[in-house]
Amino acid sequence: MRLLLVEDDHRTADYIVRGLTEAGHVCDLLRNGHDGLFAATSGGYDVIVADRMIPGLDGLSMVKAVRAAGVRTPAIFLTSVGGIDDRVEGLEAGGDDYLVKPFAFSELLARINALGRRPAAQEQKTVLRVADLEMDLIMRRVVRHGQPIDLQPREFSLLEVLMRGEGRVITRTMLLERVWDFHFDPKTSVVETHISRLRAKVDKPFDTQLIHTIRNTGYSLHRPLSQ
């Protein structure tokens with residue numbers, strides 16, 4: 001693979017480059033965030049490895065800018081900043097992995113190889129379709145069998161999560177987190193109530209049911225088995 005390493009510590013950088021080269025990879029080394037951003041957005045890399053604490057443009061800002069430019073190249077943060085909040089911040093900035101110094105080179109190599117095996121990221125869908133149900137994410141419009149369906153914002157978000165997970169079981173906890181941003185159980189029937197309303201609009205007026213309850217687990221949206 002062709003790798004981009006953005007690291008300003010000479011000793012660490014030389015150690016990583018030597019190890020990656022011995023492992024059969026081609027590694028380009030840059031020592032500040034501005035150069036790293038230019039190289040990363042120029043394309044051609046399989047994985048980016050970036051320290052967070054680099055001069056010019058810090059690693060976090062660099063990866064954010066790379067993602068803003070539409071570049072989906074997998075990125076690993078390699079840094080001494082290792083608190084839980086720091087890790088979360090790195091992943092939310094667009095990082096795919098986060099390794100804290102001091103580290104074992106074998107682990108870094110394994111993580112790079114794992115990211116390199118991932119299939120290339122696809123463009124984000126703007127229209128979701130399951131059977132005769134269609135959701136336009138740009139126009140915020142839902143149609144089934146040619147008939148428009150009027151959804152409230154929360155119902156739209158709920159249906160979007162179910163459609164993106166077509167055929168998979170989406171648990172109540174997952175829905176609470178993704179639709180309501182609850183990271184705890186509110187001990188209410190809010191999910192069940194909204195699922196009932198959604199079914200009344202998406203399923204009830206039509207011949208086939210798309211939203212299914214998975215007992216004691218959650219819900220699944222999928223096309224009829226005969227299709």
# chains A, B, ... in the order shown; residues from 1 in each chain; ligands from 1
>>> select_by_dssp(residues="region 52-111 of chain A", states="alpha helix (DSSP H)", output="ChimeraX atom specification")
/A:59-68,84-92,105-111
>>> residues_around(residues="Glu155 (chain A)", least_positions_apart="2", cutoff="9 Å", atoms="only C-alpha atoms", output="PyMOL selection string")
chain A and resi 151-153+157-160+179+194-195+197-198
>>> write_last_selection(atoms="N, CA, C and O atoms", output="PDB file, in the first residue's frame")
ATOM      1  N   LEU A 151     -44.818  12.644   6.762  1.00  0.00           N
ATOM      2  CA  LEU A 151     -44.208  12.224   8.023  1.00  0.00           C
ATOM      3  C   LEU A 151     -43.748  13.425   8.831  1.00  0.00           C
ATOM      4  O   LEU A 151     -43.253  14.405   8.269  1.00  0.00           O
ATOM      5  N   GLN A 152     -43.884  13.321  10.147  1.00  0.00           N
ATOM      6  CA  GLN A 152     -43.305  14.299  11.048  1.00  0.00           C
ATOM      7  C   GLN A 152     -41.775  14.097  11.071  1.00  0.00           C
ATOM      8  O   GLN A 152     -41.285  13.015  10.736  1.00  0.00           O
ATOM      9  N   PRO A 153     -41.004  15.133  11.441  1.00  0.00           N
ATOM     10  CA  PRO A 153     -39.537  15.015  11.426  1.00  0.00           C
ATOM     11  C   PRO A 153     -39.005  13.786  12.152  1.00  0.00           C
ATOM     12  O   PRO A 153     -38.103  13.097  11.658  1.00  0.00           O
ATOM     13  N   SER A 157     -36.948  10.533  10.546  1.00  0.00           N
ATOM     14  CA  SER A 157     -35.659  10.039  11.039  1.00  0.00           C
ATOM     15  C   SER A 157     -35.735   8.568  11.405  1.00  0.00           C
ATOM     16  O   SER A 157     -34.807   7.790  11.130  1.00  0.00           O
ATOM     17  N   LEU A 158     -36.831   8.171  12.022  1.00  0.00           N
ATOM     18  CA  LEU A 158     -37.022   6.776  12.420  1.00  0.00           C
ATOM     19  C   LEU A 158     -37.065   5.872  11.189  1.00  0.00           C
ATOM     20  O   LEU A 158     -36.407   4.819  11.148  1.00  0.00           O
ATOM     21  N   LEU A 159     -37.814   6.284  10.180  1.00  0.00           N
ATOM     22  CA  LEU A 159     -37.902   5.485   8.957  1.00  0.00           C
ATOM     23  C   LEU A 159     -36.553   5.432   8.245  1.00  0.00           C
ATOM     24  O   LEU A 159     -36.169   4.396   7.694  1.00  0.00           O
ATOM     25  N   GLU A 160     -35.809   6.544   8.265  1.00  0.00           N
ATOM     26  CA  GLU A 160     -34.490   6.560   7.631  1.00  0.00           C
ATOM     27  C   GLU A 160     -33.566   5.521   8.258  1.00  0.00           C
ATOM     28  O   GLU A 160     -32.870   4.777   7.556  1.00  0.00           O
ATOM     29  N   VAL A 179     -32.178   8.211  16.846  1.00  0.00           N
ATOM     30  CA  VAL A 179     -33.306   9.084  16.523  1.00  0.00           C
ATOM     31  C   VAL A 179     -33.527  10.143  17.595  1.00  0.00           C
ATOM     32  O   VAL A 179     -33.806  11.304  17.294  1.00  0.00           O
ATOM     33  N   HIS A 194     -43.988   5.757  18.334  1.00  0.00           N
ATOM     34  CA  HIS A 194     -43.624   6.269  17.015  1.00  0.00           C
ATOM     35  C   HIS A 194     -43.628   5.165  15.955  1.00  0.00           C
ATOM     36  O   HIS A 194     -43.968   5.426  14.794  1.00  0.00           O
ATOM     37  N   ILE A 195     -43.250   3.951  16.336  1.00  0.00           N
ATOM     38  CA  ILE A 195     -43.324   2.830  15.394  1.00  0.00           C
ATOM     39  C   ILE A 195     -44.780   2.595  14.995  1.00  0.00           C
ATOM     40  O   ILE A 195     -45.100   2.365  13.811  1.00  0.00           O
ATOM     41  N   ARG A 197     -47.228   4.796  14.926  1.00  0.00           N
ATOM     42  CA  ARG A 197     -47.637   5.877  14.026  1.00  0.00           C
ATOM     43  C   ARG A 197     -47.051   5.682  12.638  1.00  0.00           C
ATOM     44  O   ARG A 197     -47.699   5.940  11.615  1.00  0.00           O
ATOM     45  N   LEU A 198     -45.797   5.234  12.591  1.00  0.00           N
ATOM     46  CA  LEU A 198     -45.132   5.023  11.311  1.00  0.00           C
ATOM     47  C   LEU A 198     -45.819   3.906  10.528  1.00  0.00           C
ATOM     48  O   LEU A 198     -46.036   4.025   9.313  1.00  0.00           O
TER      49      LEU A 198
END
>>> residues_around(residues="Asp35 (chain A)", least_positions_apart="3", cutoff="12 Å", atoms="only C-alpha atoms", output="number ranges by chain")
A: 4-8, 28-32, 38-42, 50, 54-59, 62, 66
>>> select_by_dssp(residues="region 110-156 of chain A", states="strand (DSSP E)", output="list in words")
Val127, Leu128, Arg129, Val130, Leu133, Glu134, Met135, Asp136, Arg141, Val142, Val143, Arg144, Gln147, Pro148 and Ile149 of chain A
>>> write_last_selection(atoms="C-alpha atoms", output="compact mmCIF listing (two decimals), in the first residue's frame")
# COMPACT_ATOMS: atom_id res chain seq x y z
CA VAL A 127 -32.41 8.23 -2.18
CA LEU A 128 -33.26 5.09 -0.21
CA ARG A 129 -35.49 2.36 -1.67
CA VAL A 130 -37.00 -0.77 -0.17
CA LEU A 133 -41.07 2.51 -0.59
CA GLU A 134 -38.81 5.41 -1.55
CA MET A 135 -37.23 8.13 0.62
CA ASP A 136 -35.60 11.21 -0.89
CA ARG A 141 -40.02 13.25 0.77
CA VAL A 142 -41.38 9.71 1.22
CA VAL A 143 -43.45 7.89 -1.39
CA ARG A 144 -44.88 4.38 -1.41
CA GLN A 147 -48.42 7.80 -3.10
CA PRO A 148 -46.81 10.59 -1.00
CA ILE A 149 -46.58 9.89 2.74
>>> closest_atom_pairs(of="region 134-168 of chain A", to="region 206-211 of chain A", cutoff="10 Å", atoms="only C-alpha atoms", output="tab-separated table")
residue	atom	partner	partner_atom	distance
A:Arg144	CA	A:Phe206	CA	8.5
A:His145	CA	A:Phe206	CA	8.4
A:Leu159	CA	A:Ile211	CA	9.3
A:Leu162	CA	A:Ile211	CA	8.3
A:Met163	CA	A:Ile211	CA	9.6
A:Glu166	CA	A:Leu210	CA	9.8
A:Gly167	CA	A:Leu210	CA	9.9
>>> write_last_selection(atoms="C-alpha atoms", output="PDB file, in the first residue's frame")
ATOM      1  CA  ARG A 144     -44.881   4.377  -1.406  1.00  0.00           C
ATOM      2  CA  HIS A 145     -46.411   2.828  -4.511  1.00  0.00           C
ATOM      3  CA  LEU A 159     -37.902   5.485   8.957  1.00  0.00           C
ATOM      4  CA  LEU A 162     -34.881   1.445   9.459  1.00  0.00           C
ATOM      5  CA  MET A 163     -34.386   1.803   5.707  1.00  0.00           C
ATOM      6  CA  GLU A 166     -32.766  -2.885   5.530  1.00  0.00           C
ATOM      7  CA  GLY A 167     -33.057  -6.538   6.490  1.00  0.00           C
TER       8      GLY A 167
END
>>> residues_around(residues="Glu107 (chain A)", least_positions_apart="6", cutoff="12 Å", atoms="only C-alpha atoms", output="ChimeraX atom specification")
/A:16,19-20,78,97-101,113-114
>>> write_last_selection(atoms="N, CA, C and O atoms", output="mmCIF file, in the first residue's frame")
data_model
loop_
_atom_site.group_PDB
_atom_site.id
_atom_site.type_symbol
_atom_site.label_atom_id
_atom_site.label_comp_id
_atom_site.auth_asym_id
_atom_site.auth_seq_id
_atom_site.Cartn_x
_atom_site.Cartn_y
_atom_site.Cartn_z
ATOM 1 N N ILE A 16 8.842 4.418 12.299
ATOM 2 C CA ILE A 16 7.643 3.956 11.607
ATOM 3 C C ILE A 16 7.929 3.739 10.123
ATOM 4 O O ILE A 16 7.535 2.715 9.539
ATOM 5 N N GLY A 19 9.899 0.563 9.558
ATOM 6 C CA GLY A 19 9.100 -0.639 9.758
ATOM 7 C C GLY A 19 8.106 -0.865 8.633
ATOM 8 O O GLY A 19 7.927 -2.005 8.170
ATOM 9 N N LEU A 20 7.472 0.197 8.172
ATOM 10 C CA LEU A 20 6.486 0.062 7.092
ATOM 11 C C LEU A 20 7.166 -0.320 5.777
ATOM 12 O O LEU A 20 6.631 -1.111 4.993
ATOM 13 N N LEU A 78 -2.323 8.734 15.607
ATOM 14 C CA LEU A 78 -1.259 8.145 16.411
ATOM 15 C C LEU A 78 -0.762 9.247 17.335
ATOM 16 O O LEU A 78 -0.103 10.190 16.895
ATOM 17 N N ASP A 97 -9.470 5.133 13.191
ATOM 18 C CA ASP A 97 -8.832 4.382 14.276
ATOM 19 C C ASP A 97 -8.014 5.361 15.103
ATOM 20 O O ASP A 97 -7.733 6.487 14.674
ATOM 21 N N TYR A 98 -7.616 4.916 16.304
ATOM 22 C CA TYR A 98 -6.931 5.809 17.240
ATOM 23 C C TYR A 98 -5.984 4.960 18.069
ATOM 24 O O TYR A 98 -6.413 4.068 18.800
ATOM 25 N N LEU A 99 -4.687 5.206 17.933
ATOM 26 C CA LEU A 99 -3.679 4.433 18.655
ATOM 27 C C LEU A 99 -2.839 5.382 19.509
ATOM 28 O O LEU A 99 -2.328 6.390 19.024
ATOM 29 N N VAL A 100 -2.708 5.043 20.792
ATOM 30 C CA VAL A 100 -2.046 5.929 21.753
ATOM 31 C C VAL A 100 -0.574 5.542 21.919
ATOM 32 O O VAL A 100 -0.233 4.360 22.021
ATOM 33 N N LYS A 101 0.289 6.553 21.938
ATOM 34 C CA LYS A 101 1.712 6.350 22.229
ATOM 35 C C LYS A 101 1.909 6.152 23.726
ATOM 36 O O LYS A 101 1.197 6.768 24.518
ATOM 37 N N ASN A 113 -3.039 -2.519 8.067
ATOM 38 C CA ASN A 113 -3.434 -3.591 7.143
ATOM 39 C C ASN A 113 -4.939 -3.819 7.169
ATOM 40 O O ASN A 113 -5.567 -4.072 6.138
ATOM 41 N N ALA A 114 -5.544 -3.730 8.370
ATOM 42 C CA ALA A 114 -6.987 -3.928 8.492
ATOM 43 C C ALA A 114 -7.748 -2.834 7.752
ATOM 44 O O ALA A 114 -8.724 -3.099 7.038
#
>>> atom_distance(atom1="CA of Ser106 (chain A)", atom2="CA of Leu91 (chain A)")
21.7 Å
>>> residues_around(residues="His212 (chain A)", least_positions_apart="4", cutoff="9 Å", atoms="only C-alpha atoms", output="PyMOL selection string")
chain A and resi 218-222
>>> closest_residue(among="A:Gly90, A:Pro74, A:Gly146, A:Pro205", to="Arg111 (chain A)", atoms="only C-alpha atoms")
A:Pro74
>>> atom_distance(atom1="CA of Tyr45 (chain A)", atom2="CA of Phe103 (chain A)")
22.9 Å
>>> atom_distance(atom1="CA of Cys27 (chain A)", atom2="CA of Lys64 (chain A)")
21.6 Å
